[in-house]
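Chemist: Can you read through this structure? Questions will come right after.
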Amino acid sequence: MNNSQVPVARKQGLVVQEMPEEVLIYDLDTNKAHCLNKTAAFVWKSCDGKNSVADITKSFENGFGSPVEEDFVWLAIEQLNDKNLLNESLTTNLKGQTRREVIKKIGFASIIALPIVASIAAPTSALATASCACVTPGDCPAQTGCPSTVNCNGSGVCAP
Amino acid sequence: MENNEVSDCLKNRHYFRFESYGVKIGVESNSERFLKRLEDHLPNVIPNAFFTNNNLETEHVFSINVSENGLFELYKDDEKITAGDSEENFFNFSCSKLRLTVAEFAKAKVFLHAGVIAWNGKAIIFPAQSFHGKSTLVAKFVQRGALYYSDEYAVLDEKGFVYPFPKTLSLRGKGDKYKQTEYTAESFGGTIGTEPLEVGMIMLTEYEPGAEWKPEVLSAGKAILEIVPHTIPIRNKPKFTLQVLNKIVNRAIIAKSKRGEAEKFIDLLLEFYKTKVI
């Protein structure tokens with residue numbers, strides 16, 4: 001039975017690409033790509049609906065051969081939460097500390113890399129290859145990488 | 001479209017059909033002159049396009065209307081894309097849309113918006129947005145003796161090999177800093193590559209005056225995140241795209257650095273490439 005302390009990794013609507021040290025996840029709902037580093041990936045994969053955060057912490061210590069506090073795992077959980085990579089949103093338990101305070105505390109004490117989930121939005125094809133060619137100014141707003149998104153100049157370029 | 005639908009639709013209109021990387025595209029217009037111009041220019045726009053029997057089915061249809069008062073309208077699959085009265089601008093825009101359609105829907109290939117050259121038997125890929133100097137960089141490499149693969153697209157297959165897409169090089173700044181002028185690789189004394197190649201390096205870089213060369217080698221995961229913004233079919237076929245990118249980033253060196261002037265950058269990059277790849 002799931003409760004707010006037993007995280008479950010989301011699987012639906014995700015494309016998962018395993019890598020030697022990281023996990024790449026593409027969210028089909030939001031068209032965002034997320035890169036989980038080794039420690040974040042370990043936590044995400046441990047979120048099987050059976051392991052509590054305490055269980056994951058213990059498992060982490062065994063797997064990485066180094067003691068960590070629960071805050072370390074909560075840091076990962078919070079990021080996974082924010083990126084919608086868990087089935088249900090959890091109330092994170094950083095004991096009144098801000099994320100920055102936790103990172104500062106853990107960072108000095110830990111020899112293991114902090115869990116990091118980096119993300120980027122996947123572009124539409126038009127954005128990925130904005131050629132900056134235009135016929136009218138209306139062709140330019142979608143081409144956000146061009147010198148202008150409002151003007152189509154006399155040479156047919158989205159530019160001043 | 002069925003064959004009889006095509007026939008009805010094409011009364012008083014002119015038509016050609018082509019295929020490229022498995023994408024089947026029909027182009028039709030009421031202006032035979034304009035359509036002929038597009039047809040003649042197509043090999044420069046989409047290098048491996050080949051013309052086929054007009055009666056075959058298509059996946060995408062571009063329609064071009066040219067009115068008597070000089071208005072040009074472009075439709076793609078019945079959706080209006082743009083309209084304007086400058087034939088030159090309309091022509092260039094239409095070419096870029098044709099090319100983008102091939103890039104987006106190519107079968108069993110992943111297109112990156114990137115420049116590509118070959119050096120010592122492996123490909124170096126420069127993903128970048130427009131106006132970030134990739135065509136200039138590619139042209140400089142070609143002048144140095146690199147094989148020219150593309151200044152627009154890296155075409156990747158499921159094994160992680162890159163194919164040539166040697167459209168004419170589009171360089172800006174000769175007079176009008178925004179306007180593009182087309183050049184062949186041969187005009188730079190260069191040679192076009194013909195074979196699929198293993199990727200030796202992906203270099204993420206953009207020009208910044210006075211920038212210092214400080215290459216950072218990226219992990220596989222971070223590399224993919226950096227490449228995603230330049231990956232055209234990522235939303236269409238994310239699973240296949242990620243598989244292809246994963247194959248490449250686990251074999252090639254992926255590095256990131258700003259760059260200053262192209263000549264100095266090329267020296268530094270090739271030195272770096274020698275130590276990391278060859």
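Each chain in the structure tokens gets a letter, A, B, ..., in the order shown, and its residues are numbered from 1; ligands are numbered from 1 in order too.
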Output as a tab-separated table (two decimals) with all heavy atoms, in the first residue's frame all residues of chain A that backbone DSSP marks as alpha helix (DSSP H).
Modeler:
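For reference, part-v8.tsv as written:
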```tsv
chain	number	residue	atom	x	y	z
A	38	LYS	N	24.27	9.41	-11.15
A	38	LYS	CA	24.31	8.05	-10.60
A	38	LYS	C	23.52	7.94	-9.30
A	38	LYS	O	22.76	6.99	-9.09
A	38	LYS	CB	25.76	7.67	-10.37
A	38	LYS	CG	25.99	6.20	-10.10
A	38	LYS	CD	27.48	5.89	-10.08
A	38	LYS	CE	27.72	4.41	-9.82
A	38	LYS	NZ	29.15	4.08	-9.84
A	39	THR	N	23.67	8.94	-8.45
A	39	THR	CA	23.01	8.85	-7.14
A	39	THR	C	21.51	9.09	-7.27
A	39	THR	O	20.71	8.40	-6.65
A	39	THR	CB	23.65	9.85	-6.15
A	39	THR	OG1	23.81	11.12	-6.79
A	39	THR	CG2	25.01	9.37	-5.71
A	40	ALA	N	21.13	10.06	-8.11
A	40	ALA	CA	19.70	10.31	-8.33
A	40	ALA	C	19.05	9.09	-8.99
A	40	ALA	O	17.91	8.72	-8.68
A	40	ALA	CB	19.49	11.56	-9.19
A	41	ALA	N	19.78	8.48	-9.91
A	41	ALA	CA	19.25	7.31	-10.62
A	41	ALA	C	19.03	6.15	-9.65
A	41	ALA	O	18.03	5.42	-9.73
A	41	ALA	CB	20.20	6.90	-11.73
A	42	PHE	N	19.96	6.00	-8.72
A	42	PHE	CA	19.82	4.92	-7.73
A	42	PHE	C	18.55	5.12	-6.91
A	42	PHE	O	17.77	4.17	-6.69
A	42	PHE	CB	21.04	4.90	-6.81
A	42	PHE	CG	21.02	3.79	-5.81
A	42	PHE	CD1	21.69	2.60	-6.04
A	42	PHE	CD2	20.32	3.92	-4.60
A	42	PHE	CE1	21.66	1.55	-5.13
A	42	PHE	CE2	20.29	2.89	-3.68
A	42	PHE	CZ	20.96	1.70	-3.94
A	43	VAL	N	18.33	6.35	-6.48
A	43	VAL	CA	17.15	6.63	-5.66
A	43	VAL	C	15.88	6.37	-6.47
A	43	VAL	O	14.94	5.72	-6.00
A	43	VAL	CB	17.18	8.08	-5.14
A	43	VAL	CG1	15.85	8.44	-4.47
A	43	VAL	CG2	18.34	8.27	-4.16
A	44	TRP	N	15.86	6.86	-7.70
A	44	TRP	CA	14.65	6.70	-8.55
A	44	TRP	C	14.32	5.23	-8.76
A	44	TRP	O	13.16	4.81	-8.63
A	44	TRP	CB	14.86	7.41	-9.88
A	44	TRP	CG	13.65	7.41	-10.77
A	44	TRP	CD1	12.46	8.07	-10.58
A	44	TRP	CD2	13.51	6.72	-12.01
A	44	TRP	NE1	11.59	7.84	-11.61
A	44	TRP	CE2	12.20	7.01	-12.51
A	44	TRP	CE3	14.34	5.89	-12.77
A	44	TRP	CZ2	11.72	6.51	-13.72
A	44	TRP	CZ3	13.86	5.39	-13.98
A	44	TRP	CH2	12.56	5.70	-14.44
A	45	LYS	N	15.35	4.45	-9.03
A	45	LYS	CA	15.12	3.02	-9.27
A	45	LYS	C	14.71	2.29	-7.99
A	45	LYS	O	14.07	1.24	-8.04
A	45	LYS	CB	16.39	2.37	-9.85
A	45	LYS	CG	16.69	2.77	-11.28
A	45	LYS	CD	17.91	2.04	-11.78
A	45	LYS	CE	18.57	2.77	-12.88
A	45	LYS	NZ	19.81	2.13	-13.34
A	46	SER	N	15.07	2.85	-6.84
A	46	SER	CA	14.71	2.23	-5.58
A	46	SER	C	13.28	2.57	-5.18
A	46	SER	O	12.75	1.98	-4.24
A	46	SER	CB	15.66	2.70	-4.46
A	46	SER	OG	16.99	2.41	-4.80
A	53	VAL	N	11.64	5.77	2.59
A	53	VAL	CA	12.84	6.60	2.41
A	53	VAL	C	13.97	6.06	3.30
A	53	VAL	O	15.14	6.06	2.91
A	53	VAL	CB	12.52	8.07	2.72
A	53	VAL	CG1	13.79	8.92	2.70
A	53	VAL	CG2	11.52	8.61	1.70
A	54	ALA	N	13.59	5.59	4.47
A	54	ALA	CA	14.59	5.01	5.38
A	54	ALA	C	15.23	3.77	4.74
A	54	ALA	O	16.46	3.56	4.82
A	54	ALA	CB	13.95	4.66	6.71
A	55	ASP	N	14.40	2.94	4.10
A	55	ASP	CA	14.90	1.75	3.41
A	55	ASP	C	15.85	2.14	2.28
A	55	ASP	O	16.91	1.50	2.10
A	55	ASP	CB	13.75	0.94	2.81
A	55	ASP	CG	12.83	0.33	3.85
A	55	ASP	OD1	13.32	0.06	4.98
A	55	ASP	OD2	11.63	0.14	3.55
A	56	ILE	N	15.46	3.15	1.55
A	56	ILE	CA	16.30	3.58	0.41
A	56	ILE	C	17.64	4.10	0.92
A	56	ILE	O	18.69	3.83	0.32
A	56	ILE	CB	15.57	4.65	-0.45
A	56	ILE	CG1	14.32	4.06	-1.09
A	56	ILE	CG2	16.49	5.20	-1.52
A	56	ILE	CD1	13.44	5.07	-1.82
A	57	THR	N	17.59	4.81	2.03
A	57	THR	CA	18.83	5.34	2.61
A	57	THR	C	19.77	4.21	2.98
A	57	THR	O	20.98	4.24	2.67
A	57	THR	CB	18.52	6.20	3.85
A	57	THR	OG1	17.55	7.19	3.50
A	57	THR	CG2	19.78	6.87	4.38
A	58	LYS	N	19.22	3.19	3.64
A	58	LYS	CA	20.04	2.05	4.05
A	58	LYS	C	20.62	1.32	2.82
A	58	LYS	O	21.80	0.98	2.77
A	58	LYS	CB	19.15	1.08	4.84
A	58	LYS	CG	19.92	0.13	5.71
A	58	LYS	CD	18.99	-0.65	6.62
A	58	LYS	CE	19.79	-1.50	7.57
A	58	LYS	NZ	20.06	-0.86	8.86
A	59	SER	N	19.78	1.16	1.84
A	59	SER	CA	20.17	0.49	0.60
A	59	SER	C	21.28	1.28	-0.11
A	59	SER	O	22.23	0.72	-0.66
A	59	SER	CB	18.93	0.35	-0.28
A	59	SER	OG	19.23	-0.24	-1.48
A	60	PHE	N	21.14	2.59	-0.03
A	60	PHE	CA	22.13	3.48	-0.65
A	60	PHE	C	23.48	3.30	0.04
A	60	PHE	O	24.53	3.19	-0.61
A	60	PHE	CB	21.65	4.93	-0.54
A	60	PHE	CG	22.41	5.89	-1.40
A	60	PHE	CD1	21.91	6.30	-2.62
A	60	PHE	CD2	23.65	6.37	-0.99
A	60	PHE	CE1	22.61	7.17	-3.42
A	60	PHE	CE2	24.36	7.25	-1.80
A	60	PHE	CZ	23.84	7.65	-3.01
A	61	GLU	N	23.45	3.27	1.36
A	61	GLU	CA	24.69	3.11	2.12
A	61	GLU	C	25.37	1.79	1.75
A	61	GLU	O	26.59	1.73	1.58
A	61	GLU	CB	24.38	3.12	3.62
A	61	GLU	CG	24.02	4.50	4.14
A	61	GLU	CD	23.70	4.50	5.63
A	61	GLU	OE1	23.39	3.42	6.18
A	61	GLU	OE2	23.73	5.58	6.23
A	62	ASN	N	24.56	0.73	1.62
A	62	ASN	CA	25.12	-0.57	1.25
A	62	ASN	C	25.69	-0.55	-0.16
A	62	ASN	O	26.76	-1.10	-0.43
A	62	ASN	CB	24.04	-1.67	1.33
A	62	ASN	CG	23.62	-1.93	2.76
A	62	ASN	OD1	24.36	-1.63	3.70
A	62	ASN	ND2	22.41	-2.46	2.93
A	63	GLY	N	24.95	0.14	-1.07
A	63	GLY	CA	25.36	0.14	-2.47
A	63	GLY	C	26.60	0.96	-2.74
A	63	GLY	O	27.44	0.62	-3.55
A	64	PHE	N	26.70	2.09	-2.01
A	64	PHE	CA	27.81	3.02	-2.29
A	64	PHE	C	28.92	2.91	-1.26
A	64	PHE	O	29.95	3.57	-1.38
A	64	PHE	CB	27.28	4.46	-2.37
A	64	PHE	CG	26.55	4.75	-3.65
A	64	PHE	CD1	25.25	4.30	-3.86
A	64	PHE	CD2	27.16	5.45	-4.68
A	64	PHE	CE1	24.58	4.55	-5.05
A	64	PHE	CE2	26.49	5.71	-5.87
A	64	PHE	CZ	25.20	5.26	-6.05
A	70	GLU	N	19.26	10.59	5.81
A	70	GLU	CA	18.03	10.57	5.03
A	70	GLU	C	17.86	11.83	4.20
A	70	GLU	O	17.26	11.81	3.12
A	70	GLU	CB	16.80	10.41	5.95
A	70	GLU	CG	16.41	8.96	6.14
A	70	GLU	CD	15.10	8.79	6.88
A	70	GLU	OE1	14.19	9.64	6.72
A	70	GLU	OE2	14.97	7.80	7.61
A	71	ASP	N	18.40	12.95	4.70
A	71	ASP	CA	18.33	14.21	3.95
A	71	ASP	C	18.85	14.05	2.53
A	71	ASP	O	18.35	14.68	1.60
A	71	ASP	CB	19.17	15.30	4.64
A	71	ASP	CG	18.44	15.89	5.83
A	71	ASP	OD1	17.24	15.59	6.00
A	71	ASP	OD2	19.08	16.66	6.58
A	72	PHE	N	19.87	13.23	2.39
A	72	PHE	CA	20.50	13.00	1.09
A	72	PHE	C	19.48	12.40	0.13
A	72	PHE	O	19.32	12.85	-1.01
A	72	PHE	CB	21.68	12.03	1.28
A	72	PHE	CG	22.57	11.89	0.08
A	72	PHE	CD1	23.72	12.63	-0.05
A	72	PHE	CD2	22.25	10.99	-0.93
A	72	PHE	CE1	24.56	12.48	-1.15
A	72	PHE	CE2	23.07	10.84	-2.04
A	72	PHE	CZ	24.23	11.58	-2.14
A	73	VAL	N	18.75	11.41	0.62
A	73	VAL	CA	17.74	10.76	-0.22
A	73	VAL	C	16.56	11.70	-0.45
A	73	VAL	O	16.02	11.77	-1.55
A	73	VAL	CB	17.29	9.43	0.42
A	73	VAL	CG1	16.15	8.81	-0.38
A	73	VAL	CG2	18.47	8.46	0.50
A	74	TRP	N	16.20	12.46	0.58
A	74	TRP	CA	15.10	13.42	0.41
A	74	TRP	C	15.43	14.47	-0.64
A	74	TRP	O	14.55	14.95	-1.36
A	74	TRP	CB	14.76	14.10	1.74
A	74	TRP	CG	13.83	13.29	2.60
A	74	TRP	CD1	14.11	12.74	3.81
A	74	TRP	CD2	12.48	12.94	2.31
A	74	TRP	NE1	13.02	12.06	4.30
A	74	TRP	CE2	12.00	12.17	3.39
A	74	TRP	CE3	11.61	13.19	1.24
A	74	TRP	CZ2	10.71	11.66	3.43
A	74	TRP	CZ3	10.32	12.69	1.28
A	74	TRP	CH2	9.88	11.92	2.37
A	75	LEU	N	16.68	14.81	-0.74
A	75	LEU	CA	17.11	15.77	-1.77
A	75	LEU	C	16.81	15.23	-3.16
A	75	LEU	O	16.34	15.94	-4.06
A	75	LEU	CB	18.61	15.99	-1.61
A	75	LEU	CG	19.19	17.33	-2.05
A	75	LEU	CD1	18.50	18.49	-1.39
A	75	LEU	CD2	20.69	17.37	-1.72
A	76	ALA	N	17.07	13.96	-3.33
A	76	ALA	CA	16.77	13.32	-4.62
A	76	ALA	C	15.27	13.25	-4.83
A	76	ALA	O	14.76	13.58	-5.91
A	76	ALA	CB	17.39	11.92	-4.67
A	77	ILE	N	14.57	12.84	-3.77
A	77	ILE	CA	13.10	12.69	-3.87
A	77	ILE	C	12.47	14.02	-4.25
A	77	ILE	O	11.54	14.09	-5.06
A	77	ILE	CB	12.51	12.19	-2.52
A	77	ILE	CG1	13.09	10.84	-2.14
A	77	ILE	CG2	10.99	12.19	-2.56
A	77	ILE	CD1	12.39	9.65	-2.72
A	78	GLU	N	12.97	15.09	-3.63
A	78	GLU	CA	12.39	16.41	-3.92
A	78	GLU	C	12.55	16.78	-5.39
A	78	GLU	O	11.63	17.29	-6.04
A	78	GLU	CB	13.07	17.47	-3.05
A	78	GLU	CG	12.28	18.77	-3.03
A	78	GLU	CD	13.01	19.89	-2.31
A	78	GLU	OE1	14.20	20.11	-2.59
A	78	GLU	OE2	12.37	20.54	-1.47
A	79	GLN	N	13.72	16.49	-5.93
A	79	GLN	CA	13.93	16.80	-7.34
A	79	GLN	C	13.05	15.91	-8.24
A	79	GLN	O	12.49	16.37	-9.23
A	79	GLN	CB	15.40	16.61	-7.71
A	79	GLN	CG	16.32	17.64	-7.08
A	79	GLN	CD	17.77	17.38	-7.44
A	79	GLN	OE1	18.22	17.66	-8.55
A	79	GLN	NE2	18.52	16.84	-6.49
A	80	LEU	N	12.96	14.64	-7.88
A	80	LEU	CA	12.12	13.73	-8.67
A	80	LEU	C	10.65	14.18	-8.62
A	80	LEU	O	9.93	14.10	-9.61
A	80	LEU	CB	12.26	12.30	-8.14
A	80	LEU	CG	13.65	11.69	-8.26
A	80	LEU	CD1	13.73	10.36	-7.50
A	80	LEU	CD2	14.03	11.48	-9.71
A	81	ASN	N	10.26	14.65	-7.47
A	81	ASN	CA	8.93	15.23	-7.27
A	81	ASN	C	8.70	16.39	-8.22
A	81	ASN	O	7.71	16.46	-8.96
A	81	ASN	CB	8.86	15.78	-5.85
A	81	ASN	CG	7.71	15.23	-5.08
A	81	ASN	OD1	7.00	14.33	-5.52
A	81	ASN	ND2	7.50	15.79	-3.90
A	82	ASP	N	9.63	17.33	-8.16
A	82	ASP	CA	9.52	18.57	-8.95
A	82	ASP	C	9.42	18.27	-10.44
A	82	ASP	O	8.77	18.99	-11.19
A	82	ASP	CB	10.76	19.46	-8.73
A	82	ASP	CG	10.73	20.13	-7.38
A	82	ASP	OD1	9.68	20.10	-6.72
A	82	ASP	OD2	11.79	20.66	-6.97
A	99	ARG	N	16.48	23.70	0.75
A	99	ARG	CA	17.31	22.81	-0.05
A	99	ARG	C	18.77	23.27	-0.01
A	99	ARG	O	19.68	22.46	0.07
A	99	ARG	CB	16.81	22.80	-1.50
A	99	ARG	CG	17.51	21.74	-2.36
A	99	ARG	CD	17.17	21.86	-3.82
A	99	ARG	NE	15.79	21.52	-4.11
A	99	ARG	CZ	15.33	21.35	-5.36
A	99	ARG	NH1	16.13	21.50	-6.38
A	99	ARG	NH2	14.06	21.06	-5.58
A	100	ARG	N	18.96	24.57	-0.05
A	100	ARG	CA	20.33	25.10	-0.05
A	100	ARG	C	21.05	24.72	1.24
A	100	ARG	O	22.23	24.36	1.22
A	100	ARG	CB	20.28	26.61	-0.19
A	100	ARG	CG	21.63	27.26	-0.36
A	100	ARG	CD	21.50	28.73	-0.58
A	100	ARG	NE	20.99	28.99	-1.92
A	100	ARG	CZ	21.27	30.08	-2.63
A	100	ARG	NH1	22.04	31.01	-2.13
A	100	ARG	NH2	20.79	30.26	-3.82
A	101	GLU	N	20.33	24.81	2.36
A	101	GLU	CA	20.96	24.48	3.65
A	101	GLU	C	21.33	23.00	3.69
A	101	GLU	O	22.39	22.62	4.17
A	101	GLU	CB	19.98	24.79	4.81
A	101	GLU	CG	19.88	26.29	5.11
A	101	GLU	CD	18.69	26.63	5.99
A	101	GLU	OE1	17.78	25.76	6.16
A	101	GLU	OE2	18.63	27.76	6.48
A	102	VAL	N	20.45	22.19	3.17
A	102	VAL	CA	20.71	20.74	3.14
A	102	VAL	C	21.92	20.43	2.26
A	102	VAL	O	22.80	19.66	2.64
A	102	VAL	CB	19.48	19.97	2.64
A	102	VAL	CG1	19.79	18.50	2.44
A	102	VAL	CG2	18.33	20.13	3.62
A	103	ILE	N	21.96	21.07	1.11
A	103	ILE	CA	23.08	20.82	0.18
A	103	ILE	C	24.38	21.24	0.83
A	103	ILE	O	25.40	20.53	0.75
A	103	ILE	CB	22.87	21.58	-1.15
A	103	ILE	CG1	21.75	20.94	-1.94
A	103	ILE	CG2	24.15	21.60	-1.98
A	103	ILE	CD1	21.34	21.73	-3.18
A	104	LYS	N	24.33	22.35	1.53
A	104	LYS	CA	25.55	22.85	2.18
A	104	LYS	C	26.00	21.86	3.25
A	104	LYS	O	27.18	21.52	3.35
A	104	LYS	CB	25.22	24.20	2.84
A	104	LYS	CG	26.35	25.18	2.83
A	104	LYS	CD	25.84	26.56	3.25
A	104	LYS	CE	27.01	27.40	3.72
A	104	LYS	NZ	26.58	28.73	4.18
A	105	LYS	N	25.05	21.37	3.99
A	105	LYS	CA	25.37	20.44	5.09
A	105	LYS	C	25.91	19.13	4.51
A	105	LYS	O	26.93	18.62	4.93
A	105	LYS	CB	24.10	20.20	5.92
A	105	LYS	CG	24.34	19.45	7.22
A	105	LYS	CD	23.09	19.41	8.07
A	105	LYS	CE	22.34	18.13	7.78
A	105	LYS	NZ	21.10	18.01	8.60
A	106	ILE	N	25.19	18.62	3.54
A	106	ILE	CA	25.59	17.32	2.97
A	106	ILE	C	26.88	17.47	2.17
A	106	ILE	O	27.77	16.62	2.24
A	106	ILE	CB	24.50	16.75	2.06
A	106	ILE	CG1	23.25	16.42	2.85
A	106	ILE	CG2	25.00	15.52	1.33
A	106	ILE	CD1	22.09	16.04	1.96
A	107	GLY	N	26.96	18.54	1.44
A	107	GLY	CA	28.08	18.71	0.51
A	107	GLY	C	29.42	18.65	1.20
A	107	GLY	O	30.35	18.03	0.71
A	108	PHE	N	29.48	19.29	2.39
A	108	PHE	CA	30.75	19.27	3.11
A	108	PHE	C	31.04	17.89	3.68
A	108	PHE	O	32.19	17.51	3.86
A	108	PHE	CB	30.72	20.28	4.27
A	108	PHE	CG	30.81	21.71	3.79
A	108	PHE	CD1	29.91	22.67	4.24
A	108	PHE	CD2	31.77	22.09	2.87
A	108	PHE	CE1	30.00	23.98	3.79
A	108	PHE	CE2	31.84	23.40	2.40
A	108	PHE	CZ	30.95	24.35	2.87
A	109	ALA	N	29.98	17.17	4.04
A	109	ALA	CA	30.19	15.90	4.74
A	109	ALA	C	30.30	14.71	3.80
A	109	ALA	O	30.87	13.69	4.15
A	109	ALA	CB	29.04	15.67	5.71
A	125	SER	N	10.23	20.74	-33.96
A	125	SER	CA	11.20	20.67	-35.07
A	125	SER	C	11.54	22.06	-35.57
A	125	SER	O	12.68	22.36	-35.91
A	125	SER	CB	10.65	19.82	-36.20
A	125	SER	OG	9.45	20.39	-36.69
A	126	ALA	N	10.53	22.95	-35.57
A	126	ALA	CA	10.78	24.30	-36.09
A	126	ALA	C	11.77	25.05	-35.22
A	126	ALA	O	12.61	25.80	-35.72
A	126	ALA	CB	9.47	25.08	-36.17
A	127	LEU	N	11.70	24.82	-33.91
A	127	LEU	CA	12.62	25.51	-33.02
A	127	LEU	C	14.01	24.91	-33.09
A	127	LEU	O	15.00	25.61	-32.96
A	127	LEU	CB	12.10	25.44	-31.58
A	127	LEU	CG	10.90	26.33	-31.27
A	127	LEU	CD1	10.42	26.07	-29.85
A	127	LEU	CD2	11.24	27.79	-31.44
A	128	ALA	N	14.06	23.58	-33.27
A	128	ALA	CA	15.36	22.91	-33.31
A	128	ALA	C	16.17	23.34	-34.52
A	128	ALA	O	17.38	23.26	-34.52
A	128	ALA	CB	15.17	21.40	-33.33
```
Chemist: May I ask you to extract the residues of chain B within 6 Å of chain A, using only C-alpha atoms, and to give them as a list in words?
Modeler: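 On the chain B side, the interface is Gly84, Asn89, Phe90, Phe93, His113, Ser130, Lys179, Gly221, Pro229, His230 and Ile232 of chain B.
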Chemist: Might you pull out every residue within 8 Å of B:Val277, with only C-alpha atoms counted and same-chain residues fewer than 3 positions away left off, and present them as a ChimeraX atom specification?
Modeler: /B:200-201,252-253,273-274
Chemist: Give me a file of those residues, with C-alpha atoms, as a JSON list (two decimals), in the first residue's frame.
Modeler:
```json
[["chain", "number", "residue", "atom", "x", "y", "z"],
["B", 200, "GLY", "CA", 34.76, 11.02, -33.47],
["B", 201, "MET", "CA", 33.63, 14.13, -31.68],
["B", 252, "ALA", "CA", 32.52, 9.80, -29.30],
["B", 253, "ILE", "CA", 34.05, 12.60, -27.28],
["B", 273, "TYR", "CA", 41.01, 16.08, -31.12],
["B", 274, "LYS", "CA", 44.42, 14.50, -31.65]]
```
Chemist: From the list B:Ala220, B:Leu171, B:Ile25, B:Val155, which residue is nearest B:Pro127 when using only C-alpha atoms?
Modeler: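 Nearest candidate to B:Pro127 out of B:Ala220, B:Leu171, B:Ile25, B:Val155: B:Val155.
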Chemist: So how many Å separate atom CA of B:Phe111 and atom CA of B:Arg37, to one decimal?
Modeler: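 Between atom CA of B:Phe111 and atom CA of B:Arg37 the gap works out to 26.2 Å.
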